[in-house]
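work-v9.cif (mmCIF, C-alpha atoms and all ligand atoms)
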data_entry
loop_
_atom_site.label_atom_id
_atom_site.label_comp_id
_atom_site.auth_asym_id
_atom_site.auth_seq_id
_atom_site.Cartn_x
_atom_site.Cartn_y
_atom_site.Cartn_z
CA MET A 485 25.32 -15.63 -36.43
CA LYS A 486 26.14 -14.42 -32.95
CA ILE A 487 23.18 -12.59 -31.51
CA GLN A 488 24.09 -10.10 -28.83
CA PRO A 489 21.61 -8.06 -26.78
CA SER A 490 22.50 -4.43 -26.12
CA SER A 491 23.98 -3.63 -22.74
CA LYS A 492 20.67 -1.88 -21.91
CA MET A 493 18.93 -5.27 -21.94
CA SER A 494 20.77 -6.16 -18.74
CA ILE A 495 18.45 -3.69 -16.99
CA PHE A 496 15.71 -6.30 -17.15
CA THR A 497 16.15 -9.01 -14.58
CA PRO A 498 14.04 -12.16 -15.11
CA ALA A 499 10.53 -11.62 -13.74
CA ILE A 500 9.54 -13.89 -10.88
CA PHE A 501 5.97 -14.32 -12.14
CA GLY A 502 6.87 -17.24 -14.44
CA ASP A 503 8.44 -19.15 -11.53
CA LEU A 504 5.45 -18.44 -9.30
CA LYS A 505 3.14 -19.74 -12.01
CA ALA A 506 5.23 -22.91 -12.48
CA ALA A 507 5.20 -23.60 -8.73
CA ALA A 508 1.43 -23.02 -8.62
CA GLU A 509 0.87 -25.38 -11.60
CA LYS A 510 2.89 -28.08 -9.82
CA LYS A 511 0.77 -27.72 -6.69
CA LYS A 512 -2.42 -27.86 -8.76
CA ALA A 513 -1.21 -30.93 -10.63
CA ALA A 514 -0.71 -32.64 -7.25
CA GLY A 515 -4.45 -32.14 -6.64
CA HIS A 516 -4.24 -29.25 -4.16
CA PRO A 517 -6.49 -26.19 -4.69
CA VAL A 518 -4.54 -23.05 -5.56
CA VAL A 519 -5.65 -19.45 -4.95
CA ASP A 520 -3.70 -16.98 -7.03
CA LEU A 521 -3.35 -13.57 -5.40
CA SER A 522 -0.26 -12.51 -7.31
CA LEU A 523 -1.07 -10.38 -10.36
CA GLY A 524 -2.99 -7.11 -10.05
CA SER A 525 -5.11 -7.94 -13.06
CA PRO A 526 -8.74 -6.86 -12.53
CA ASP A 527 -11.14 -9.83 -12.53
CA LEU A 528 -14.45 -7.92 -12.81
CA PRO A 529 -15.86 -7.59 -16.34
CA PRO A 530 -15.89 -4.17 -18.01
CA ASP A 531 -19.28 -2.45 -17.90
CA VAL A 532 -21.73 -3.57 -20.57
CA LYS A 533 -22.12 0.00 -21.95
CA VAL A 534 -18.38 0.12 -22.51
CA ARG A 535 -18.30 -3.23 -24.30
CA GLN A 536 -21.27 -2.21 -26.44
CA ALA A 537 -19.57 1.03 -27.48
CA LEU A 538 -16.44 -0.89 -28.42
CA SER A 539 -18.37 -3.38 -30.48
CA GLU A 540 -20.48 -0.73 -32.28
CA GLN A 541 -17.50 1.45 -33.06
CA SER A 542 -15.44 -1.51 -34.23
CA ALA A 543 -18.17 -2.38 -36.75
CA LEU A 544 -17.72 0.98 -38.52
CA ALA A 545 -15.46 0.90 -41.56
CA SER A 546 -14.37 4.44 -40.70
CA SER A 547 -12.83 3.37 -37.37
CA TYR A 548 -9.57 1.94 -38.64
CA GLY A 549 -7.35 4.92 -39.43
CA TYR A 550 -4.41 6.20 -37.41
CA THR A 551 -5.62 8.36 -34.55
CA LEU A 552 -2.26 10.09 -34.02
CA GLY A 553 -2.65 12.31 -30.93
CA GLY A 554 -6.05 10.74 -30.26
CA ILE A 555 -9.69 11.67 -30.70
CA LYS A 556 -11.15 14.80 -29.16
CA ARG A 557 -14.03 12.88 -27.56
CA PHE A 558 -11.64 10.91 -25.29
CA ASN A 559 -9.66 13.96 -24.16
CA GLU A 560 -12.91 15.78 -23.40
CA ALA A 561 -14.21 12.80 -21.40
CA VAL A 562 -11.00 12.84 -19.32
CA ALA A 563 -11.36 16.58 -18.68
CA ASN A 564 -15.03 16.19 -17.69
CA TYR A 565 -14.18 13.30 -15.36
CA TYR A 566 -11.46 15.34 -13.63
CA LYS A 567 -13.84 18.28 -13.22
CA ARG A 568 -16.59 16.07 -11.74
CA ARG A 569 -14.35 13.91 -9.57
CA SER A 570 -11.68 16.30 -8.35
CA ASN A 571 -12.84 19.78 -9.37
CA VAL A 572 -9.71 20.07 -11.53
CA VAL A 573 -10.12 22.05 -14.73
CA LEU A 574 -8.13 20.71 -17.70
CA ASP A 575 -7.79 21.96 -21.25
CA PRO A 576 -8.57 18.79 -23.26
CA GLU A 577 -6.17 19.82 -26.03
CA THR A 578 -3.07 20.82 -24.12
CA GLU A 579 -3.48 19.33 -20.66
CA VAL A 580 -4.52 15.77 -21.58
CA LEU A 581 -2.30 13.27 -23.39
CA GLN A 582 -3.26 9.69 -24.19
CA THR A 583 -0.91 6.79 -23.59
CA MET A 584 -1.17 3.15 -24.65
CA GLY A 585 -1.76 1.93 -21.12
CA SER A 586 0.06 3.74 -18.36
CA GLN A 587 3.02 1.35 -18.59
CA GLU A 588 3.88 2.85 -21.98
CA GLY A 589 3.70 6.39 -20.60
CA LEU A 590 5.65 5.51 -17.48
CA VAL A 591 8.50 3.77 -19.27
CA HIS A 592 8.83 6.46 -21.95
CA LEU A 593 8.42 9.54 -19.79
CA PRO A 594 11.98 9.60 -18.36
CA PHE A 595 13.32 9.79 -21.95
CA ALA A 596 11.55 13.11 -22.30
CA PHE A 597 12.96 14.66 -19.13
CA CYS A 598 16.25 12.98 -18.28
CA ASP A 599 19.72 12.93 -19.72
CA GLU A 600 22.32 10.26 -19.10
CA GLY A 601 23.29 10.24 -15.40
CA ASP A 602 20.43 12.47 -14.21
CA ILE A 603 18.76 11.56 -10.93
CA VAL A 604 15.14 10.46 -10.62
CA LEU A 605 13.56 10.35 -7.17
CA ASN A 606 11.68 7.09 -6.87
CA THR A 607 10.16 5.29 -3.90
CA ASN A 608 11.48 2.02 -2.51
CA PRO A 609 9.43 -0.16 -2.87
CA ALA A 610 7.84 0.97 -6.12
CA TYR A 611 6.01 -0.39 -9.14
CA VAL A 612 8.77 -1.92 -11.25
CA ALA A 613 8.04 -0.04 -14.50
CA TYR A 614 9.39 3.20 -13.00
CA ASP A 615 12.83 1.71 -12.56
CA ALA A 616 12.79 0.26 -16.09
CA GLY A 617 11.98 3.68 -17.60
CA ILE A 618 14.55 5.50 -15.50
CA LYS A 619 17.33 3.08 -16.40
CA LEU A 620 16.44 2.85 -20.10
CA ALA A 621 16.75 6.64 -20.23
CA GLY A 622 20.23 6.30 -18.71
CA ALA A 623 19.11 8.08 -15.56
CA VAL A 624 19.81 6.94 -12.03
CA PRO A 625 17.11 6.24 -9.42
CA TYR A 626 17.52 7.74 -5.97
CA ASP A 627 15.53 5.71 -3.46
CA MET A 628 13.02 7.30 -1.13
CA PRO A 629 12.22 4.49 1.35
CA LEU A 630 8.58 3.95 2.28
CA LEU A 631 8.66 3.24 5.97
CA ALA A 632 5.91 2.22 8.36
CA GLU A 633 6.95 5.02 10.77
CA ASN A 634 6.23 7.62 8.05
CA GLY A 635 2.86 6.12 7.15
CA PHE A 636 4.57 4.65 4.05
CA LEU A 637 4.88 8.14 2.52
CA PRO A 638 8.33 9.23 1.31
CA ASP A 639 10.17 11.62 3.60
CA LEU A 640 11.12 14.51 1.32
CA ASP A 641 13.05 16.21 4.14
CA ALA A 642 15.44 13.25 4.21
CA ILE A 643 16.59 13.87 0.62
CA PRO A 644 19.96 15.65 0.66
CA ALA A 645 19.87 19.07 -1.04
CA GLU A 646 22.69 18.10 -3.43
CA ILE A 647 20.57 15.15 -4.65
CA ALA A 648 17.39 17.22 -4.97
CA GLU A 649 19.29 19.85 -6.96
CA LYS A 650 20.31 17.23 -9.52
CA ALA A 651 16.92 15.49 -9.74
CA LYS A 652 15.02 15.77 -13.03
CA LEU A 653 11.90 13.87 -12.03
CA LEU A 654 10.02 12.79 -8.89
CA ILE A 655 7.71 9.78 -9.18
CA LEU A 656 4.90 9.07 -6.70
CA ASN A 657 2.09 6.50 -6.58
CA LEU A 658 -0.74 6.84 -4.05
CA PRO A 659 -2.61 4.62 -3.28
CA GLY A 660 0.38 2.63 -4.33
CA ASN A 661 1.50 -0.64 -5.72
CA PRO A 662 2.74 -2.51 -3.75
CA VAL A 663 2.17 -0.31 -0.66
CA PRO A 664 -1.39 0.99 -0.47
CA ALA A 665 -0.67 4.29 1.34
CA MET A 666 -3.15 7.10 0.73
CA PRO A 667 -2.27 10.63 -0.39
CA THR A 668 -3.02 13.48 2.01
CA PRO A 669 -3.44 17.16 1.11
CA GLU A 670 -0.55 18.03 3.47
CA PHE A 671 1.78 15.57 1.78
CA PHE A 672 0.91 16.78 -1.72
CA GLU A 673 1.37 20.39 -0.59
CA LYS A 674 4.83 19.44 0.61
CA VAL A 675 5.53 17.81 -2.75
CA VAL A 676 4.53 20.98 -4.62
CA ALA A 677 6.75 23.14 -2.39
CA PHE A 678 9.67 20.73 -2.78
CA ALA A 679 9.25 20.52 -6.56
CA ARG A 680 9.11 24.32 -6.82
CA LYS A 681 12.17 24.78 -4.61
CA TYR A 682 14.31 22.36 -6.62
CA ASN A 683 12.65 22.72 -10.02
CA ILE A 684 11.71 19.05 -10.32
CA PRO A 685 8.82 17.87 -12.52
CA VAL A 686 6.52 15.54 -10.57
CA LEU A 687 4.73 12.51 -11.98
CA HIS A 688 1.98 11.10 -9.81
CA ASP A 689 0.70 7.66 -10.83
CA ALA A 690 -2.95 7.44 -9.81
CA ALA A 691 -3.63 3.98 -11.28
CA TYR A 692 -5.64 2.92 -8.19
CA SER A 693 -7.52 6.18 -7.66
CA GLU A 694 -10.94 4.50 -7.71
CA TYR A 695 -10.03 1.79 -5.22
CA TYR A 696 -10.96 3.07 -1.76
CA PHE A 697 -12.90 1.59 1.10
CA THR A 698 -13.92 4.38 3.46
CA GLY A 699 -15.95 6.71 1.27
CA ASP A 700 -13.10 9.22 1.00
CA ALA A 701 -11.68 9.12 -2.52
CA PRO A 702 -7.90 9.50 -2.79
CA ILE A 703 -7.29 13.10 -3.82
CA SER A 704 -5.87 13.94 -7.21
CA PHE A 705 -2.38 15.43 -7.12
CA LEU A 706 -3.69 18.11 -9.48
CA SER A 707 -6.21 19.27 -6.89
CA THR A 708 -3.30 20.57 -4.79
CA PRO A 709 -2.75 24.32 -5.23
CA GLY A 710 0.19 24.86 -7.59
CA ALA A 711 0.39 21.20 -8.69
CA LYS A 712 -0.30 21.93 -12.35
CA GLU A 713 2.66 24.28 -12.35
CA VAL A 714 5.03 21.49 -11.25
CA GLY A 715 3.66 18.24 -12.50
CA MET A 716 1.52 15.65 -14.11
CA GLU A 717 -0.76 12.81 -13.08
CA ILE A 718 -0.99 9.56 -15.02
CA ASN A 719 -4.07 7.40 -14.76
CA SER A 720 -5.26 4.30 -16.49
CA LEU A 721 -8.53 2.70 -17.46
CA SER A 722 -6.98 -0.72 -16.83
CA LYS A 723 -7.79 -1.02 -13.15
CA SER A 724 -10.73 1.29 -12.44
CA PHE A 725 -12.70 0.19 -15.51
CA SER A 726 -11.37 -3.37 -16.00
CA LEU A 727 -9.92 -2.42 -19.40
CA ALA A 728 -6.38 -3.73 -18.87
CA GLY A 729 -6.24 -5.49 -22.24
CA ALA A 730 -7.55 -2.44 -24.11
CA ARG A 731 -4.35 -0.50 -23.32
CA ILE A 732 -5.66 2.98 -22.69
CA ALA A 733 -4.50 5.57 -20.19
CA TYR A 734 -3.72 9.26 -20.04
CA ILE A 735 -1.42 11.85 -18.51
CA VAL A 736 -2.87 15.15 -17.40
CA GLY A 737 -1.36 18.32 -16.02
CA ASN A 738 1.32 20.81 -16.99
CA ALA A 739 0.86 21.72 -20.66
CA GLU A 740 4.54 22.47 -21.26
CA MET A 741 5.60 19.11 -19.84
CA LEU A 742 2.94 17.31 -21.86
CA ALA A 743 4.10 19.07 -25.04
CA ILE A 744 7.56 17.57 -24.50
CA LEU A 745 6.11 14.12 -24.02
CA ARG A 746 3.74 14.56 -26.98
CA LYS A 747 6.74 15.30 -29.18
CA LEU A 748 8.44 12.10 -28.02
CA LYS A 749 5.27 10.06 -28.52
CA SER A 750 4.70 11.42 -32.02
CA ASN A 751 7.91 9.56 -32.88
CA LEU A 752 6.90 6.34 -31.15
CA ASP A 753 3.27 5.56 -31.92
CA TYR A 754 0.35 6.66 -34.05
CA GLY A 755 -2.38 6.61 -31.47
CA ILE A 756 -4.83 4.18 -29.90
CA PHE A 757 -7.52 2.32 -31.92
CA ALA A 758 -10.44 4.80 -32.17
CA PRO A 759 -13.14 2.37 -30.88
CA ILE A 760 -11.09 1.82 -27.73
CA GLN A 761 -10.95 5.57 -27.19
CA GLU A 762 -14.71 5.85 -27.76
CA ALA A 763 -15.40 2.99 -25.33
CA ALA A 764 -13.04 4.51 -22.77
CA ALA A 765 -14.89 7.83 -23.09
CA VAL A 766 -18.14 5.99 -22.31
CA ALA A 767 -16.44 4.46 -19.25
CA LEU A 768 -15.28 7.87 -18.02
CA ASP A 769 -18.71 9.43 -18.66
CA ASN A 770 -20.22 6.72 -16.43
CA ALA A 771 -17.35 6.57 -13.95
CA GLU A 772 -19.40 7.18 -10.81
CA GLU A 773 -21.79 4.29 -11.45
CA ILE A 774 -19.11 1.88 -12.68
CA THR A 775 -16.59 2.54 -9.92
CA ASP A 776 -19.24 2.42 -7.17
CA ARG A 777 -19.82 -1.23 -8.07
CA LEU A 778 -16.08 -1.84 -8.02
CA ARG A 779 -15.73 -0.33 -4.55
CA GLU A 780 -18.66 -2.30 -3.20
CA GLU A 781 -16.91 -5.54 -4.17
CA PHE A 782 -13.36 -4.53 -3.24
CA SER A 783 -14.35 -3.13 0.17
CA VAL A 784 -15.72 -6.58 1.08
CA ARG A 785 -12.61 -8.32 -0.28
CA HIS A 786 -10.36 -5.96 1.64
CA ARG A 787 -12.24 -6.52 4.91
CA VAL A 788 -12.29 -10.31 4.49
CA LEU A 789 -8.57 -10.47 3.77
CA MET A 790 -7.56 -8.09 6.55
CA GLU A 791 -9.66 -10.01 9.10
CA GLY A 792 -8.24 -13.32 7.86
CA LEU A 793 -4.63 -12.13 8.06
CA ASP A 794 -5.27 -10.85 11.55
CA GLU A 795 -6.62 -14.27 12.52
CA LEU A 796 -3.43 -15.82 11.10
CA GLY A 797 -1.30 -13.50 13.20
CA TRP A 798 0.16 -11.67 10.19
CA SER A 799 0.72 -7.95 10.39
CA ALA A 800 -1.03 -6.32 7.44
CA THR A 801 -0.49 -2.61 6.85
CA PRO A 802 -3.82 -0.86 7.54
CA SER A 803 -5.04 0.80 4.37
CA GLN A 804 -8.03 2.67 3.08
CA GLY A 805 -7.48 2.05 -0.60
CA GLY A 806 -5.56 0.37 -3.38
CA MET A 807 -5.78 -3.04 -4.96
CA PHE A 808 -3.24 -4.74 -2.72
CA VAL A 809 -2.61 -5.68 0.87
CA TRP A 810 0.95 -5.26 2.08
CA ALA A 811 1.64 -7.74 4.84
CA LYS A 812 4.43 -8.92 7.10
CA TYR A 813 4.30 -12.65 7.77
CA PRO A 814 5.37 -13.98 11.17
CA SER A 815 8.72 -15.48 10.19
CA ASP A 816 12.30 -14.35 9.59
CA MET A 817 12.47 -16.31 6.35
CA ASN A 818 13.35 -14.16 3.34
CA ASP A 819 10.28 -13.16 1.36
CA ILE A 820 11.21 -15.00 -1.84
CA ASP A 821 11.67 -18.32 -0.04
CA PHE A 822 8.55 -17.64 1.98
CA VAL A 823 6.39 -17.08 -1.09
CA PHE A 824 7.47 -20.38 -2.66
CA LYS A 825 6.89 -22.14 0.66
CA ALA A 826 3.37 -20.66 0.78
CA ILE A 827 2.67 -22.12 -2.67
CA GLU A 828 4.17 -25.51 -1.81
CA GLU A 829 2.52 -25.90 1.60
CA ALA A 830 -0.70 -23.92 1.23
CA GLY A 831 -1.34 -23.40 -2.49
CA VAL A 832 -1.61 -19.60 -2.08
CA VAL A 833 0.27 -17.42 -4.56
CA MET A 834 1.56 -14.01 -3.38
CA VAL A 835 4.37 -11.74 -4.55
CA PRO A 836 7.55 -11.24 -2.49
CA GLY A 837 7.92 -7.63 -1.37
CA SER A 838 11.62 -7.39 -2.24
CA ILE A 839 10.98 -7.55 -6.00
CA PHE A 840 9.65 -3.98 -5.63
CA GLY A 841 12.80 -2.77 -3.89
CA SER A 842 15.01 -3.64 -0.94
CA ALA A 843 12.66 -1.93 1.55
CA GLY A 844 10.05 -4.53 0.62
CA ALA A 845 12.07 -7.38 2.15
CA GLY A 846 10.08 -9.34 4.72
CA TYR A 847 6.74 -8.34 3.19
CA VAL A 848 4.39 -9.96 0.70
CA ARG A 849 2.00 -8.25 -1.68
CA ILE A 850 -1.45 -9.81 -1.82
CA ALA A 851 -3.74 -8.75 -4.68
CA LEU A 852 -7.46 -8.46 -4.00
CA VAL A 853 -8.24 -10.14 -7.29
CA GLN A 854 -10.45 -13.01 -6.11
CA LYS A 855 -13.98 -13.12 -4.78
CA PRO A 856 -14.47 -13.00 -0.97
CA GLU A 857 -15.17 -16.79 -0.83
CA LEU A 858 -11.82 -17.51 -2.44
CA LEU A 859 -10.05 -15.07 -0.16
CA LYS A 860 -11.55 -16.93 2.81
CA GLN A 861 -10.37 -20.17 1.24
CA ALA A 862 -6.86 -18.69 0.85
CA ILE A 863 -6.81 -17.80 4.55
CA ASN A 864 -7.89 -21.34 5.46
CA GLN A 865 -5.20 -22.81 3.22
CA LEU A 866 -2.59 -20.51 4.78
CA LYS A 867 -3.38 -22.16 8.11
CA GLU A 868 -1.54 -25.20 6.67
CA LEU A 869 1.72 -23.21 6.61
CA THR A 870 4.47 -24.21 9.02
CA TYR A 871 6.76 -21.41 10.24
C1 LIG B 1 1.02 1.51 -10.08
C2 LIG B 1 0.79 1.03 -11.46
N1 LIG B 1 0.92 1.88 -12.48
C3 LIG B 1 0.73 1.48 -13.73
C4 LIG B 1 0.41 0.17 -14.04
C5 LIG B 1 0.28 -0.22 -15.47
O1 LIG B 1 -1.03 -0.37 -15.85
P1 LIG B 1 -1.50 -0.21 -17.34
O2 LIG B 1 -0.28 -0.20 -18.22
O3 LIG B 1 -2.36 -1.38 -17.61
O4 LIG B 1 -2.22 1.10 -17.41
C6 LIG B 1 0.27 -0.77 -13.03
C7 LIG B 1 -0.05 -2.16 -13.34
O5 LIG B 1 -0.05 -3.05 -12.55
C8 LIG B 1 0.48 -0.32 -11.70
O6 LIG B 1 0.35 -1.16 -10.68
#

Once you've parsed the file, please lay out its structure as structure tokens.
Ligand SMILES: Cc1ncc(COP(=O)(O)O)c(C=O)c1O
Amino acid sequence: MKIQPSSKMSIFTPAIFGDLKAAAEKKKAAGHPVVDLSLGSPDLPPDVKVRQALSEQSALASSYGYTLGGIKRFNEAVANYYKRRSNVVLDPETEVLQTMGSQEGLVHLPFAFCDEGDIVLNTNPAYVAYDAGIKLAGAVPYDMPLLAENGFLPDLDAIPAEIAEKAKLLILNLPGNPVPAMPTPEFFEKVVAFARKYNIPVLHDAAYSEYYFTGDAPISFLSTPGAKEVGMEINSLSKSFSLAGARIAYIVGNAEMLAILRKLKSNLDYGIFAPIQEAAAVALDNAEEITDRLREEFSVRHRVLMEGLDELGWSATPSQGGMFVWAKYPSDMNDIDFVFKAIEEAGVVMVPGSIFGSAGAGYVRIALVQKPELLKQAINQLKELTY
């Protein structure tokens, strides 16, 4: 039998992570210590209250049915969290929608809003799932470059009117992956005005909303006047609550937009395991305490890494939040070659910036996923690099 993938499968280029892992294994096998700063997978354990709730709920025989649109308790916990954190009022029934991790929501959302050939405004660089969703829906990404001279925020004024008029979705991510720029009220106000002018639904991905180092929390897009009229915010419990494997996230905002997505999702899945929703509700109810501990640790990691990179003579983008450091290394070598060289010579694993888009060329993304001691060790190992 001849097995033929659909033409859509060509959208997915082979991920580099397997090759990075193989190179790291080789270095380790040669007896050299390896520090892996590639994947943005949280290394802190989930809070004990959250794990307890999951285990108690899982023990109940009544916990194993389909949850369809989800349990009320979770949606209410999301609404309460938004009210406490951002003073945003949400109707738990119509303005909150669960997704099976934000990846699921992000990849499916363009199907709900785009027809074949429609334009989606996406940043370059950007988290790779956006592009996958856009292309699977048959839509076409229009790149908004994130440039140092614009504080790594997209320049909406640079988008030609004829492109904006055809756009069916605008995707943003602040603090971002891979570029940890922070949202400002002025920028979000501009986004709302732009979305209104051109009638474009906005999706803001706030996956790293609890990662900040200065005391000033990144603002929610929905706290911007008029934002609920034009858009949605997606957030995940993966990063802020170390629940990546539990696959639970949510989209909040415009009820009409969420109704469209809910209709799509009712044809795709039958809801998240109820104990996971219960445990996630416990996490959200205790968000302040849980995320304070996270910030305490990540602020130290961020400082240690930034100081170390400075010592190495690398130019790291200053940032006040996010889970990643976005850095320019002092060499003209292309970022893919450079990353493999860093593994071979120094045993430090980073991600080349260009896998997130052409504007990422010459940069590396460094995830703050190791303890400060290991970050210091990584800096010392990077001193072995020849340029
Ligand atoms: C910006 C951003 N959004 C969404 C996700 C997906 O997270 P999850 O599907 O675990 O919610 C990630 C994961 O790395 C991410 O970096």

Who sits within 6 Å of stretch 728-737 of chain A, only C-alpha atoms, same chain under 3 positions skipped, as a PyMOL selection string: chain A and resi 579-586+712+716-722

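Distances here use all atoms listed in the file; by that measure, the residue among A:Ala651, A:Ala851, A:Leu523, A:Ile863 closest to A:Met807 is A:Ala851.
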
Straight-line distance linking atom CA of A:Asn864 with atom CA of A:Lys812, stated in Å to one decimal: 17.6 Å

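For the pair atom CA of A:Gly515 and atom CA of A:Glu857, the separation is 19.6 Å.
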
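Proximity of A:Asn571, A:Asn608, A:Gln541, A:Asn683 to A:Glu649, computed with all atoms listed in the file, is greatest for A:Asn683.
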
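Among the candidates A:Asp794, A:Asp821, A:Glu828, A:Asp753, the one nearest to A:Glu588 when counting only C-alpha atoms is A:Asp753.
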
Proximity to A:Val534 - best of A:Ala771, A:Leu521, A:Val784, A:Ala743, all atoms listed in the file: A:Ala771

Distance criterion (all atoms listed in the file): nearest to A:Ser783 out of A:Pro709, A:Gly502, A:Gly715, A:Gly699: A:Gly699

Close residues, stretch 773-778 of chain A itself excluded, 8 Å, only C-alpha atoms, min 4 positions apart in chain, as a PyMOL selection string: chain A and resi 528+531+694-695+724-725+767+782

Selected residues written out, C-alpha atoms, as an mmCIF file, in the frame of the given file:
data_model
loop_
_atom_site.group_PDB
_atom_site.id
_atom_site.type_symbol
_atom_site.label_atom_id
_atom_site.label_comp_id
_atom_site.auth_asym_id
_atom_site.auth_seq_id
_atom_site.Cartn_x
_atom_site.Cartn_y
_atom_site.Cartn_z
ATOM 1 C CA LEU A 528 -14.450 -7.920 -12.810
ATOM 2 C CA ASP A 531 -19.280 -2.450 -17.900
ATOM 3 C CA GLU A 694 -10.940 4.500 -7.710
ATOM 4 C CA TYR A 695 -10.030 1.790 -5.220
ATOM 5 C CA SER A 724 -10.730 1.290 -12.440
ATOM 6 C CA PHE A 725 -12.700 0.190 -15.510
ATOM 7 C CA ALA A 767 -16.440 4.460 -19.250
ATOM 8 C CA PHE A 782 -13.360 -4.530 -3.240
#
